[in-house]
Every structure is written in C-alpha cells, then in structure tokens.
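**Student:** Here you go, one structure.
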Amino acid sequence: MSGKSLARIVRDKENMSQEIIHPFGGKTVKFETDFAGRKLVIETGKMAFLADGAVTVQYGDTMVMGTATVANSPREGIDFFPLLIDYEERMYAAGKISGSRFLKREGRATEQATLTARLIDRPIRPLFPKGYRNDVQCVATVLSADLVHSPDIIAMIAISTALTISGAPFEGPIAGVRIGMIDGKLVPFPTAAEMTVSKLDLVVSGTKDAIMMVEAGANEVDEATMIEAIELAHKTIQPVIELQEKIAKELKVEPKEYELHKPNAEATEVLDKYLDGKLDAAIRHKNQYLRHDAIKNLRREVVDKFGGEDGQFNSDDLETAFEKVIDAEIRRAILDHEARPDDRKPDEIRPISGQVGLIPRAHGSGLFTRGTTQVLNVTTLASTSYAQILDTMEMDTTKRYMHHYNFPPYSTGEVRPMRSPGRREIGHGALAERALLPVIPSVEDFPYTIRTVSEVVSSNGSTSMASVCGSTLSLMDAGVPLRKPVAGIAMGLVLGEKGKHVILSDIQGAEDFAGDMDFKVAGTDDGITALQMDIKVKGITPEIMKKALAQANKGRANIMSEMLKVIDKPRADLAAHAPRISKMMIHPDDIKIVIGKGGETINKIINETGVEIDLEDNGLVMIASNDGDSAKAAMEWIERITARPEVGKIYTGKVVKLMDFGAFVEIMPGKDGLVHVSQIADHRVEKVSDELKEGQEVTVKLMEIDNQGRLNLSMKAVKEHARGSEK
C-alpha cells in the first residue's frame with residue numbers, strides 16, 4: 001500500500017497500534033481478532049511500502065508477511081489469468097541454518113512450499129473476474145515459525161488481506177483453517193503436537209458465504225464426519241473474514257481500474273446460430289475418438305466459412321467463440337437432460353481394466369485404465385537408508401514412502417518440451433501419496449523404503465485418481481503388505497440458475513473444462529484417506545458437497561471391485577529382483593558396538609559380507625541383501641558381538657592379560673572378565689603365569705556380574721561341572 005493511501009487512515013484506539021511514521025509519511029496500523037481460541041494480529045503500513053498491498057499476520061510466534069503487486073495494464077497475447085502465488089520459506093524463521101554441507105542459502109522451493117503455494121492459489125484464482133489479464137503476484141514470506149502453529153494457514157490469510165487492500169478486483173476476502181481430529185473430537189487449528197496424533201488433516205478455505213477449497217488427508221474418516229469438519233471450518237474462519245472487511249473499510253481502499261478481455265460477442269452469436277442442430281451428434285458419442293473427429297471437422301468447417309484472410313472473424317476470435325459454444329452446449333445438455341458427452345448417466349463410471357506384473361525387472365508394476373485415461377505405476381523397494389532426507393524450515397526428518405507423478409506431453413497428444421516437474425505434477429503426486437500413506441505398513445512390519453512412480457500414458461480426466469488406483473495395484477504386485485486397498489474418483493459439477501445442479505461421477509476432460517468443480521476423493525472401503533476440491537465458481541454449499549461425497553462413495557466402491565478382479569491382495573513373496581531385508585533387535589546401548597570406532601566394525605561387516613545395514617535408535621537392525629547366506633553371515637556376526645553374557649553359562653575364551661591376582665579372559669568380542677587366582681585350578685596356584693599364558697584358549701563359567709557390570713569367571717567351576725556330569 002502506498003504512503004499516500006496510508007496517510008488517510010483514521011486510527012481506532014481499540015484496534016490500532018501506536019503510530020509509527022515511515023519514509024512516505026504513512027502510519028502503521030494493527031488489527032486483531034480471536035481465531036480458533038487464540039489472538040490473530042494483522043498489521044499493515046510497516047513494511048513493503050511499494051507493494052500494492054502488504055501486511056504481516058501473527059498467530060502465536062508464527063509471523064508471515066504477505067504482499068500483493070498488480071500490473072496496471074493487461075498482458076497482451078495470453079488467454080489465461082497470470083496469477084503467481086509464491087510461498088517463501090526462510091530457515092531463519094525457525095532459528096535454523098540448512099544442514100546441507102554445501103548449500104546454506106535457500107534455493108528452489110521445497111516440495112512443501114510448492115504445495116502451500118498451490119493451497120493458497122486455488123481458492124483465490126476463481127475470485128477474480130473472467131477475462132482479467134493483468135499480472136498479479138502475491139508473495140508470502142515466513143518471517144517467524146514457532147513450530148506450534150502452521151504457517152501455511154497464516155500465509156493464506158496474509159495473501160488474502162494483501163489482495164483485499166490492494167485495490168485489485170478480488171472478490172474476497174477469504175480465510176482458511178486446518179481441522180484435526182484428536183480422540184474422536186474435531187479441533188480447529190490444532191498445534192503441531194496435536195497433529196501428530198490426529199486422524200484427520202483437513203484444510204478448508206472459503207468466503208463469507210461459500211466454500212472455495214478443500215484439501216484433506218485422513219485415516220479412513222467417514223463422509224458424515226468430513227462434512228461436519230468442513231462446516232466447522234467454514235464457521236471458524238468467519239471472524240478472520242470480518243476482520244479483513246473491517247481493514248478494507250478502515251483503509252478506504254480505492255478499486256483499481258481494469259479492462260476485461262471478453263470473447264467477440266458477434267462471433268459467439270454467429271457460431272451459436274450456425275452450429276445450432278449440428279452439435280448434438282458431434283458432442284455426444286460413446287466413442288471418444290469419433291467424438292473428437294466430429295468436433296475437429298466442425299472446427300475446420302467453421303474456420304473455412306468464417307475465417308481466413310477474407311473471413312468475417314480472425315482466428316483467435318473464432319477459436320475462443322467455438323470453444324465457448326461447445327462448452328455451453330455440454331453444460332446445457334447436462335443440466336437439461338443429464339446427457340454427458342459419452343452418453344453416461346451422471347453416476348456412471350467409465351469402463352475399467354487393469355494389469356499387474358508387466359515390467360520384467362520392476363519390483364512391482366500396475367497398469368490402470370479408466371476410459372481413455374491410463375496410468376502406469378512402477379514400485380521400487382530399497383533399504384531404509386534410501387529414505388528421503390527432509391531438511392526444511394519446520395522439520396529435519398526422513399520419508400520412506402514416496403509417490404512421484406509424471407505427465408508427459410504425449411499423454412494428451414501434444415508436442416512440448418520436457419521439463420522438470422511443475423507445480424501440477426508435484427501436487428498430483430502429493431495427493432496420491434497422501435491417499436496411500438494411511439495403509440502403508442510400518443517400518444517395523446516392512447523395513448523398506450518404498451517409491452512408486454505414476455507415468456500418465458494417456459490423459460482424459462482424473463489422472464491423479466487413476467494414479468491412486470495404479471499405485472494400489474503396483475504396491476500389491478510388489479508384495480507390500482498394504483493394510484487395505486485404496487481407490488480414487490474425481491467428481492464434477494455443473495451449476496445452473498436458481499440452484500439447479502448436476503453432480504458427475506468420474507469426470508473426463510471435456511466435463512472438467514466445461515464444468516464448475518473438480519472434487520477428488522480417495523479411500524478404502526471403510527473411509528476417506530484423501531480429499532481435494534478445486535472450483536471455478538465463487539464457492540459451493542455444504543449441501544452440494546454432501547451429495548458429491550455420497551455419490552463418490554458409490555463410485556469408489558464400483559472402482560474398487562474392478563481393481564480387486566486384477567489382484568485382490570498383496571503377493572506373499574517379493575519379486576526375484578527385490579532386495580531381501582532381515583530384521584533383528586539389539587539393545588540400544590549395543591549400537592555403538594556394531595558401529596565400532598569411526599565406523600570400523602560396521603564397515604568391516606559390510607565389506608566382508610556385501611550386505612547393507614541400517615540401524616534405528618531403538619535397536620532395530622535391518623540387513624539388506626539379495627543373497628540369503630550373506631545376510632545370515634552378517635546377522636550371526638552382529639549377534640556374536642552384541643550378545644550379552646549370562647550368569648551360569650560356560651564360555652570358551654582367550655586369555656588377554658595376566659595379573660598377580662588372576663587373569664582376564666575375553667569371552668565375547670569386547671567383553672572380558674576376571675578369573676581370580678583362586679578360581680584357576682582346584683589346587684593352590686602360587687603364580688598365575690605357571691598355569692596360563694596370554695593368548696591361551698580356556699573354558700570358563702560366568703559366576704557373577706557385579707553391580708558395576710564386571711564379570712567374575714571361574715575355570716575351577718567348569719571342572720567341577722564336568723565331574724558332576726560324569727557322575
């Protein structure tokens with residue numbers, strides 16, 4: 001916000017902080033409200049004077065700066081709204097320096113930062129007018145992270161507030177909140193500690209009147225509970241929305257002037273009349289390829305008649321008008337007759353097929369086909385040392401289950417350069433990963449790092465949910481003992497006038513483009529594991545969501561039944577090429593024995609047996625090898641060096657040191673005890689060296705472990721034991 005605008009502020013004693021003068025003569029003002037039982041503070045006028053809107057939002061000790069900058073004129077030559085949302089993590093926010101040896105400066109956005117940017121983008125984008133082509137950039141910078149209150153929700157509020165006071169044609173404000181489920185109770189904005197035991201991780205954002213975005217991961221939560229949580233979220237965010245409205249009113253925000261890019265109305269009207277009666281057969285056909293050919297022929301016919309150098313309209317106007325007429329006809333047919341492009345009923349699923357074990361050297365593979373959407377998923381297993389290391393602002397941890405999603409251009413019949421994964425690929429991969437995570441076995445039950453990769457080989461809608469289904473097939477083919485199989489479905493919505501609407505199951509590409517919602521639901525037979533809703537309109541009601549979830553439940557059951565015809569349970573054995581991992585437990589105090597000085601012992605075991613060894617802090621030892629004998633040898637080695645002496649047991653050991661009062665004998669690697677001179681023989685021993693020599697092998701019995709952990713051994717007791725056995 002400019003200094004000129006801030007100069008007109010009238011302070012409210014209850015809501016504004018002490019006045020701070022900045023270089024442009026403006027004022028710093030502060031507003032606050034109660035949000036989920038804690039104080040939320042929004043401050044503006046202190047930083048980022050040249051941005052069109054700038055605020056800091058503080059909740060606990062978490063603080064995020066949000067800025068919005070809006071171009072004064074449209075960008076030429078584009079057919080989309082150029083909105084860019086950036087979420088910037090800073091290590092200093094958590095009092096950390098990156099753990100990387102080489103990279104100490106923040107670089108490319110982390111996967112979590114990318115997902116958070118998408119989380120903020122999705123509810124904001126639909127609230128700009130159609131045809132708006134001005135560049136808008138919003139940046140959320142995390143200044144302080146208290147590791148108690150997640151900064152993603154605070155960042156969403158910061159960006160919404162910055163846009164609200166920027167003067168941009170933003171039809172907000174919005175706010176968001178996370179809902180957890182702890183001990184069966186729904187909790188708004190739970191702490192990080194509470195989230196570790198939560199059965200639900202739900203983020204909902206919305207306006208004053210409607211829900212704009214839903215994102216959830218869950219441990220088999222039922223539909224009724226999910227709706228209750230969404231309604232609680234919408235109620236919880238209202239004070240924050242009211243606060244933003246109050247801020248805009250106090251600051252007397254002046255709207256920016258703008259122009260909208262609108263389709264050529266004359267071209268649309270002409271094509272609408274010309275194509276009247278010609279679209280029905282072209283748009284609706286069970287065979288997608290024939291449908292595409294018919295539309296392609298109509299497009300060519302329209303260009304020949306109305307385009308060209310001497311035509312009535314230019315090519316851009318014709319293309320835009322043609323697409324608008326096609327979309328309008330698809331919507332009209334669905335709303336008036338519930339007639340979908342491929343003649344399915346609203347709740348009907350496309351034909352499903354699948355195959356497993358089709359990649360020879362893969363540890364697991366699955367091909368899932370639904371209509372003309374097709375995803376190949378490949379599973380790879382490795383030891384836990386291959387887990388991904390996460391070094392972020394909020395955590396230092398590892399991740400042993402990963403799902404990656406690739407969307408090559410050939411999947412849509414397009415030609416474009418292959419780049420590194422974009423926000424869409426990262427988002428779809430994370431959604432599928434979240435859907436499967438609740439059913440992945442624990443490391444104690446299945447000590448492997450698991451990576452699944454979904455290759456979208458054909459795309460006609462709902463590839464992210466096809467990735468969920470393909471992953472399930474692939475993981476079961478790999479012998480991963482999933483707790484339950486997971487299926488996913490994408491739901492659509494077409495809204496008409498006066499509340500009329502039709503909910504569509506298993507939407508395809510044309511319905512996604514022409515429709516108003518993409519609502520993805522994944523789960524088991526017993527509940528939802530992941531949820532994501534994106535909309536193109538200004539919000540939907542809980543009632544519509546309730547109907548969509550109920551219809552999705554039936555669709556998921558249908559898809560699951562088809563998947564289980566392909567493979568109904570995880571394979572009993574791993575693939576021949578997969579590593580075998582043996583497990584054993586040692587006492588945590590013995591971990592240092594296995595590692596040895598400077599890693600000498602563990603490296604010697606690895607080099608001589610050819611295995612991989614991973615150690616957990618709780619004493620779990622995992623030995624990975626494709627050769628059973630090598631794994632057995634390594635396990636016996638570790639058992640030998642970590643074995644604990646037992647009182648009363650007889651050992652064969654080596655004399656390591658002679659003393660006047662006795663001899664020290666090593667009975668295990670690194671463990672020796674004392675044979676007192678009185679315990680060497682059943683006769684009196686005058687001089688220890690008369691009976692024993694260093695390096696001599698002797699048999700001893702462990703008589704006692706004293707309170708200092710010292711071992712008292714006896715050679716005499718062994719002879720007495722032998723005489724007793726002879727009798």
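Just remember, in the structure tokens the first chain shown is A, the second B, etc., residues are 1-based per chain, and ligands are 1-based in the order shown.
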Do you know which residues are at most 6 Å from region 131-144 of chain A counting only C-alpha atoms, after dropping those on the same chain fewer than 5 positions away, and could you put them as a list in words?
**Tutor:**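 Within the cut-off, the hits are Thr62, Met63, Val64, Met65, Gly66, Thr67, Ala68, Thr69, Val70, Ala71, Ser73, Pro74, Arg75, Phe81, Pro82, Leu83, Leu84, Ile85, Asp86, Tyr87, Glu88, Glu89, Ala93, Ala155, Leu260, His261 and Lys262 of chain A.
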**Student:** Export C-alpha atoms of the chosen residues as an mmCIF file, in the first residue's frame?
**Tutor:**
```cif
data_model
loop_
_atom_site.group_PDB
_atom_site.id
_atom_site.type_symbol
_atom_site.label_atom_id
_atom_site.label_comp_id
_atom_site.auth_asym_id
_atom_site.auth_seq_id
_atom_site.Cartn_x
_atom_site.Cartn_y
_atom_site.Cartn_z
ATOM 1 C CA THR A 62 4.353 -17.521 13.814
ATOM 2 C CA MET A 63 4.518 -14.463 11.566
ATOM 3 C CA VAL A 64 4.084 -14.226 7.793
ATOM 4 C CA MET A 65 4.432 -11.189 5.546
ATOM 5 C CA GLY A 66 2.038 -11.156 2.612
ATOM 6 C CA THR A 67 2.369 -8.828 -0.368
ATOM 7 C CA ALA A 68 0.286 -8.269 -3.486
ATOM 8 C CA THR A 69 1.507 -6.434 -6.574
ATOM 9 C CA VAL A 70 -0.831 -5.783 -9.502
ATOM 10 C CA ALA A 71 0.118 -4.693 -13.016
ATOM 11 C CA SER A 73 -2.493 -2.998 -17.679
ATOM 12 C CA PRO A 74 -3.297 -6.422 -19.178
ATOM 13 C CA ARG A 75 -0.596 -8.648 -20.580
ATOM 14 C CA PHE A 81 -5.193 -15.069 -15.837
ATOM 15 C CA PRO A 82 -1.464 -14.563 -14.986
ATOM 16 C CA LEU A 83 -1.671 -15.015 -11.220
ATOM 17 C CA LEU A 84 1.509 -16.079 -9.439
ATOM 18 C CA ILE A 85 1.484 -17.146 -5.787
ATOM 19 C CA ASP A 86 4.866 -17.677 -4.126
ATOM 20 C CA TYR A 87 5.356 -19.145 -0.656
ATOM 21 C CA GLU A 88 8.833 -18.402 0.629
ATOM 22 C CA GLU A 89 10.245 -20.476 3.489
ATOM 23 C CA ALA A 93 12.203 -18.208 10.694
ATOM 24 C CA ALA A 155 0.162 -17.264 4.806
ATOM 25 C CA LEU A 260 -11.534 -7.416 -19.124
ATOM 26 C CA HIS A 261 -10.679 -9.494 -22.136
ATOM 27 C CA LYS A 262 -14.029 -10.622 -23.486
#
```
**Student:** In Å, with one decimal, what is the gap from CA of Leu504 (chain A) to CA of Met491 (chain A)?
**Tutor:** 5.6 Å
**Student:** What is the distance, in Å and to one decimal place, between CA of Ala631 (chain A) and CA of Asp573 (chain A)?
**Tutor:**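 Those two atoms sit 17.5 Å apart.
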**Student:** Can you pull out the residues contacting Val148 (chain A)? Cut-off 9 Å, using only C-alpha atoms, and skip same-chain residues under 3 positions away; I want them as a list in words.
**Tutor:**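 The residues satisfying every condition are Gly60, Asp61, Thr62, Ala145, Pro190, Thr191, Ala192 and Ala193 of chain A.
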**Student:** Would you pick out the contacts of region 679-682 of chain A at 10 Å or less, using only C-alpha atoms, so that residues sharing its chain but fewer than 3 positions from it are not included, and give the list as a PyMOL selection string?
**Tutor:** chain A and resi 662-663+674-676+685+688+691-692+700+712-720
**Student:** Go ahead and dump the residues you just picked, N, CA and C atoms, as a compact mmCIF listing (two decimals), in the first residue's frame.
**Tutor:**
```txt
# COMPACT_ATOMS: atom_id res chain seq x y z
N GLY A 662 45.21 -62.76 39.19
CA GLY A 662 44.39 -63.57 38.31
C GLY A 662 44.62 -63.26 36.85
N ALA A 663 43.69 -63.67 36.02
CA ALA A 663 43.82 -63.45 34.57
C ALA A 663 42.51 -62.92 34.00
N LEU A 674 37.27 -61.42 34.87
CA LEU A 674 38.43 -61.83 35.68
C LEU A 674 38.24 -63.25 36.21
N VAL A 675 39.28 -64.06 35.98
CA VAL A 675 39.39 -65.35 36.66
C VAL A 675 40.36 -65.13 37.82
N HIS A 676 39.80 -65.07 39.03
CA HIS A 676 40.67 -64.83 40.19
C HIS A 676 41.62 -66.01 40.37
N VAL A 685 47.32 -72.16 43.52
CA VAL A 685 48.16 -71.59 42.45
C VAL A 685 49.01 -70.49 43.06
N VAL A 688 50.32 -67.08 38.73
CA VAL A 688 49.36 -67.21 37.62
C VAL A 688 50.03 -67.65 36.34
N GLU A 691 50.31 -71.29 35.30
CA GLU A 691 49.14 -72.02 34.81
C GLU A 691 48.64 -71.51 33.45
N LEU A 692 48.82 -70.21 33.20
CA LEU A 692 48.21 -69.61 31.99
C LEU A 692 49.21 -68.74 31.24
N VAL A 700 35.65 -71.21 30.66
CA VAL A 700 35.31 -70.58 31.93
C VAL A 700 33.79 -70.57 32.12
N ASN A 712 32.78 -61.93 36.77
CA ASN A 712 33.62 -62.81 37.58
C ASN A 712 33.53 -64.23 37.01
N LEU A 713 34.67 -64.74 36.56
CA LEU A 713 34.73 -66.02 35.87
C LEU A 713 35.43 -67.07 36.73
N SER A 714 35.20 -68.34 36.35
CA SER A 714 35.85 -69.44 37.09
C SER A 714 36.19 -70.57 36.14
N MET A 715 37.50 -71.01 36.17
CA MET A 715 37.90 -72.22 35.44
C MET A 715 37.64 -73.44 36.32
N LYS A 716 37.79 -73.26 37.63
CA LYS A 716 37.60 -74.36 38.57
C LYS A 716 36.16 -74.87 38.53
N ALA A 717 35.19 -73.95 38.38
CA ALA A 717 33.79 -74.34 38.35
C ALA A 717 33.46 -75.18 37.12
N VAL A 718 34.21 -74.95 36.03
CA VAL A 718 33.98 -75.74 34.82
C VAL A 718 34.37 -77.19 35.06
N LYS A 719 35.53 -77.40 35.74
CA LYS A 719 36.00 -78.76 36.02
C LYS A 719 35.04 -79.46 36.98
N GLU A 720 34.53 -78.72 37.97
CA GLU A 720 33.57 -79.31 38.90
C GLU A 720 32.29 -79.70 38.17
```
**Student:** Can you work out which one of A:Ala294, A:Ala578, A:Met393, A:Leu275 has the shortest atom-to-atom distance to Phe322 (chain A), counting only C-alpha atoms?
**Tutor:**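 With only C-alpha atoms as the atom set, the closest residue is A:Leu275.
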**Student:** Using only C-alpha atoms, which residues sit within 12 Å of Asp516 (chain A) once same-chain residues fewer than 6 positions away are excluded, as number ranges by chain?
**Tutor:** A: 126, 212, 327, 331, 491-496, 501-504, 507, 510, 533-540
